[in-house]
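Student: Once you've had a glance at the structure underneath, I'll fire off some questions.
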Amino acid sequence: MQPAPAAEAPTTATQAPTTQAPTTQRGKAKENRRQALLSAAASLFAANGFNRVSLEDLGAAAGVSGPAVYRHFPGKQAVLADLLVTVSQELLDGGRQVVERTADPHAALRQLVEFQVDFALGKPDVIRVQDRDFTNLSEQDQLAVRTLQRSYVEVWVDILAKVHPETDAAELRMRAHATFGLINSTPHSVRSHGRRMAAGVARPLLERMALAALMVDDSPAP
């Protein structure tokens, strides 16, 4: 997911929910319905746009009535917020886990690329939703997404600084953003005249291109 435009952030940003996994059958069923609603929202928002999708549409796609959606979310904007804030938190957590378990910075960089490609190929609808409907979030939720995604960028910058120790942080940040743009173009680039490129073909190509961009020599051309 391409990080949202940067903005100055107060220290009280909303974070993604950190609820424990439900343990009762009723709790599990409720969580399954919530996840079904989020999955339906990603598909419908990506296909039609946030403003053209109603709560009744979401409920029907998830197999519940429109009013039943209110048992899980206070409104449609809350569905969008949960979708984008939660995914941003998942990206940050996943990136940090890659770095924590991988001591070699070159290996960590490769695994970060693989992690981002997995996300782009697995959740192209979420990428589209952020690209088009980010401004439909409340200001507080926009701030939460920006804060999480800036932190995710810095995970990459910290690793890049170990790979390119002589390179300025601003340039490393630019490399990271450019790599996200390359990888997250997947929802558009894997389609050609209505036909979808197989993930098995797209994945190694995206990984090679991303690593080439991240590892390119930063010395000035002669």
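Chain labels A, B, ... are given in the sequence in which chains occur in the structure tokens; within each chain residues are numbered consecutively from 1, and ligands are likewise numbered from 1 in the order shown.
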May I have the residues within 12 Å of Ala60 (chain A) as a list in words, using only C-alpha atoms and disregarding those fewer than 2 positions away in the same chain?

Tutor: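 Everything that qualifies: Arg33, Ala36, Leu37, Ala40, Ala41, Leu44, Val53, Ser54, Leu55, Glu56, Asp57, Leu58, Ala62, Gly63, Val64, Ser65, Gly66, Pro67, Ala68 and Val69 of chain A.
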
Student: Under the rule of at most 8 Å, produce a per-residue listing of region 53-84 of chain A near region 126-136 of chain A: chain, number, name, the closest pair of atoms, and the distance in Å, as a tab-separated table, using only C-alpha atoms.

Tutor:
```
residue	atom	partner	partner_atom	distance
A:Gln77	CA	A:Asn136	CA	7.3
A:Leu83	CA	A:Val126	CA	7.8
A:Leu84	CA	A:Gln130	CA	7.0
```

Student: Generate a file of the selected residues that holds C-alpha atoms, formatted as a PDB file, in the first residue's frame.

Tutor:
```pdb
ATOM      1  CA  GLN A  77     -16.995   5.364   7.439  1.00  0.00           C
ATOM      2  CA  LEU A  83     -10.063  -1.616   6.860  1.00  0.00           C
ATOM      3  CA  LEU A  84      -7.262   0.903   6.268  1.00  0.00           C
TER       4      LEU A  84
END
```

Student: Go through A:Arg34, A:Lys28, A:Arg110, A:Arg175 and flag the residue nearest Arg208 (chain A), using only C-alpha atoms for the distances.

Tutor: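 Using only C-alpha atoms, the shortest distance to Arg208 (chain A) belongs to A:Arg110.
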
Student: In Å, how far is it from CA of Glu166 (chain A) to CA of Glu154 (chain A)?

Tutor: 17.0 Å

Student: Given only C-alpha atoms as the basis, pick out the residue of A:Leu109, A:Leu205, A:Leu182, A:Ala78 nearest to Ala161 (chain A).

Tutor: A:Leu109

Student: When you draw a straight line from CA of Phe119 (chain A) to CA of Tyr152 (chain A), how long is it in Å?

Tutor: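 Distance between the two atoms: 13.5 Å.
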
Student: Can you list, as a ChimeraX atom specification, all residues belonging to region 34-219 of chain A that DSSP tags as helix (DSSP H, G or I)?

Tutor: /A:34-48,50-52,55-62,67-71,76-101,105-122,124-136,139-163,169-183,186-189,199-215

Student: Kindly save the residues from that selection, with C-alpha atoms included, as a short mmCIF file (atom, residue, chain, number, x, y, z; two decimals), in the first residue's frame.

Tutor:
```
data_model
loop_
_atom_site.label_atom_id
_atom_site.label_comp_id
_atom_site.auth_asym_id
_atom_site.auth_seq_id
_atom_site.Cartn_x
_atom_site.Cartn_y
_atom_site.Cartn_z
CA ARG A 34 -16.86 -8.70 11.00
CA GLN A 35 -14.05 -10.06 8.84
CA ALA A 36 -16.58 -10.99 6.14
CA LEU A 37 -17.86 -7.41 6.17
CA LEU A 38 -14.32 -6.03 5.85
CA SER A 39 -13.57 -8.40 2.97
CA ALA A 40 -16.82 -7.39 1.24
CA ALA A 41 -16.00 -3.73 1.85
CA ALA A 42 -12.57 -4.07 0.23
CA SER A 43 -14.08 -5.66 -2.87
CA LEU A 44 -17.06 -3.31 -3.17
CA PHE A 45 -15.14 -0.11 -2.40
CA ALA A 46 -12.44 -1.11 -4.90
CA ALA A 47 -14.96 -1.90 -7.63
CA ASN A 48 -17.44 0.93 -7.10
CA PHE A 50 -16.78 4.29 -1.20
CA ASN A 51 -19.54 6.77 -2.01
CA ARG A 52 -21.42 4.35 -4.27
CA LEU A 55 -24.47 -0.45 4.17
CA GLU A 56 -27.15 -2.61 2.58
CA ASP A 57 -24.69 -3.49 -0.19
CA LEU A 58 -22.07 -4.46 2.39
CA GLY A 59 -24.52 -6.55 4.37
CA ALA A 60 -25.79 -8.36 1.29
CA ALA A 61 -22.25 -9.17 0.13
CA ALA A 62 -21.38 -10.53 3.58
CA PRO A 67 -29.16 -3.11 9.84
CA ALA A 68 -27.09 -6.03 11.14
CA VAL A 69 -23.94 -4.22 9.99
CA TYR A 70 -24.49 -1.81 12.91
CA ARG A 71 -23.79 -4.65 15.34
CA LYS A 76 -19.88 3.00 6.69
CA GLN A 77 -16.99 5.36 7.44
CA ALA A 78 -16.06 3.18 10.41
CA VAL A 79 -15.83 0.19 8.06
CA LEU A 80 -13.41 2.10 5.83
CA ALA A 81 -11.39 3.21 8.85
CA ASP A 82 -11.15 -0.31 10.26
CA LEU A 83 -10.06 -1.62 6.86
CA LEU A 84 -7.26 0.90 6.27
CA VAL A 85 -6.04 1.41 9.84
CA THR A 86 -5.90 -2.31 10.54
CA VAL A 87 -4.04 -3.09 7.32
CA SER A 88 -1.55 -0.29 8.03
CA GLN A 89 -0.93 -1.76 11.48
CA GLU A 90 -0.47 -5.23 9.97
CA LEU A 91 2.13 -3.89 7.53
CA LEU A 92 4.04 -2.17 10.32
CA ASP A 93 3.94 -5.23 12.58
CA GLY A 94 4.97 -7.53 9.74
CA GLY A 95 7.85 -5.30 8.69
CA ARG A 96 9.15 -5.11 12.24
CA GLN A 97 8.97 -8.89 12.59
CA VAL A 98 11.05 -9.31 9.42
CA VAL A 99 13.75 -7.05 10.80
CA GLU A 100 13.72 -8.60 14.27
CA ARG A 101 14.25 -12.15 13.00
CA PRO A 105 20.56 -6.29 6.48
CA HIS A 106 20.74 -7.54 2.88
CA ALA A 107 18.65 -10.58 3.78
CA ALA A 108 16.25 -8.38 5.73
CA LEU A 109 15.84 -6.09 2.72
CA ARG A 110 15.04 -9.04 0.47
CA GLN A 111 12.49 -10.30 2.97
CA LEU A 112 10.89 -6.86 3.28
CA VAL A 113 10.48 -6.82 -0.49
CA GLU A 114 8.95 -10.31 -0.42
CA PHE A 115 6.63 -9.23 2.40
CA GLN A 116 5.44 -6.17 0.48
CA VAL A 117 4.95 -8.16 -2.72
CA ASP A 118 2.92 -10.74 -0.79
CA PHE A 119 0.71 -7.92 0.46
CA ALA A 120 0.30 -6.32 -2.97
CA LEU A 121 -0.59 -9.59 -4.66
CA GLY A 122 -2.82 -10.72 -1.81
CA PRO A 124 -4.87 -5.45 -4.37
CA ASP A 125 -8.38 -4.22 -3.51
CA VAL A 126 -7.11 -2.59 -0.32
CA ILE A 127 -4.45 -0.75 -2.32
CA ARG A 128 -7.12 0.59 -4.66
CA VAL A 129 -9.33 1.64 -1.78
CA GLN A 130 -6.54 3.63 -0.14
CA ASP A 131 -5.53 5.26 -3.43
CA ARG A 132 -9.07 6.42 -4.16
CA ASP A 133 -10.92 6.72 -0.86
CA PHE A 134 -8.33 7.77 1.71
CA THR A 135 -9.87 11.27 1.90
CA ASN A 136 -13.22 9.76 2.93
CA GLU A 139 -9.22 13.49 9.99
CA GLN A 140 -8.42 11.38 13.04
CA ASP A 141 -8.36 8.16 11.03
CA GLN A 142 -6.32 9.77 8.26
CA LEU A 143 -3.81 10.72 10.92
CA ALA A 144 -3.76 7.18 12.30
CA VAL A 145 -3.07 5.72 8.85
CA ARG A 146 -0.36 8.29 8.11
CA THR A 147 1.33 7.68 11.45
CA LEU A 148 1.41 3.91 11.01
CA GLN A 149 2.60 4.12 7.43
CA ARG A 150 5.34 6.63 8.21
CA SER A 151 6.59 4.20 10.85
CA TYR A 152 6.53 1.41 8.25
CA VAL A 153 8.61 3.52 5.86
CA GLU A 154 11.16 4.08 8.62
CA VAL A 155 11.51 0.31 9.10
CA TRP A 156 12.70 0.19 5.49
CA VAL A 157 14.88 3.28 5.84
CA ASP A 158 16.65 1.82 8.88
CA ILE A 159 17.57 -1.32 6.92
CA LEU A 160 18.55 0.66 3.83
CA ALA A 161 20.86 2.78 5.98
CA LYS A 162 22.78 -0.39 6.87
CA VAL A 163 22.97 -1.44 3.23
CA ALA A 169 18.32 9.36 4.87
CA ALA A 170 16.19 11.53 2.58
CA GLU A 171 17.43 9.58 -0.45
CA LEU A 172 16.85 6.28 1.30
CA ARG A 173 13.31 7.39 2.09
CA MET A 174 12.81 8.26 -1.56
CA ARG A 175 14.03 4.79 -2.57
CA ALA A 176 11.54 3.20 -0.19
CA HIS A 177 8.64 5.27 -1.49
CA ALA A 178 9.61 4.55 -5.09
CA THR A 179 9.72 0.83 -4.32
CA PHE A 180 6.25 0.95 -2.77
CA GLY A 181 5.00 2.69 -5.88
CA LEU A 182 6.51 0.00 -8.09
CA ILE A 183 5.20 -2.93 -6.07
CA THR A 186 0.26 -4.47 -9.06
CA PRO A 187 -3.52 -3.95 -9.16
CA HIS A 188 -3.00 -2.17 -12.49
CA SER A 189 0.13 -3.80 -13.93
CA ALA A 199 1.01 -14.27 -9.54
CA GLY A 200 3.75 -16.81 -10.21
CA VAL A 201 4.96 -14.62 -13.06
CA ALA A 202 4.37 -11.26 -11.40
CA ARG A 203 5.99 -12.10 -8.07
CA PRO A 204 9.61 -12.80 -9.14
CA LEU A 205 9.51 -9.92 -11.64
CA LEU A 206 8.33 -7.45 -9.01
CA GLU A 207 10.88 -8.71 -6.49
CA ARG A 208 13.79 -8.40 -8.94
CA MET A 209 12.75 -4.92 -10.05
CA ALA A 210 12.24 -3.72 -6.47
CA LEU A 211 15.61 -5.03 -5.31
CA ALA A 212 17.32 -3.47 -8.32
CA ALA A 213 15.83 -0.09 -7.41
CA LEU A 214 16.83 -0.44 -3.77
CA MET A 215 20.36 -1.67 -4.46
#
```
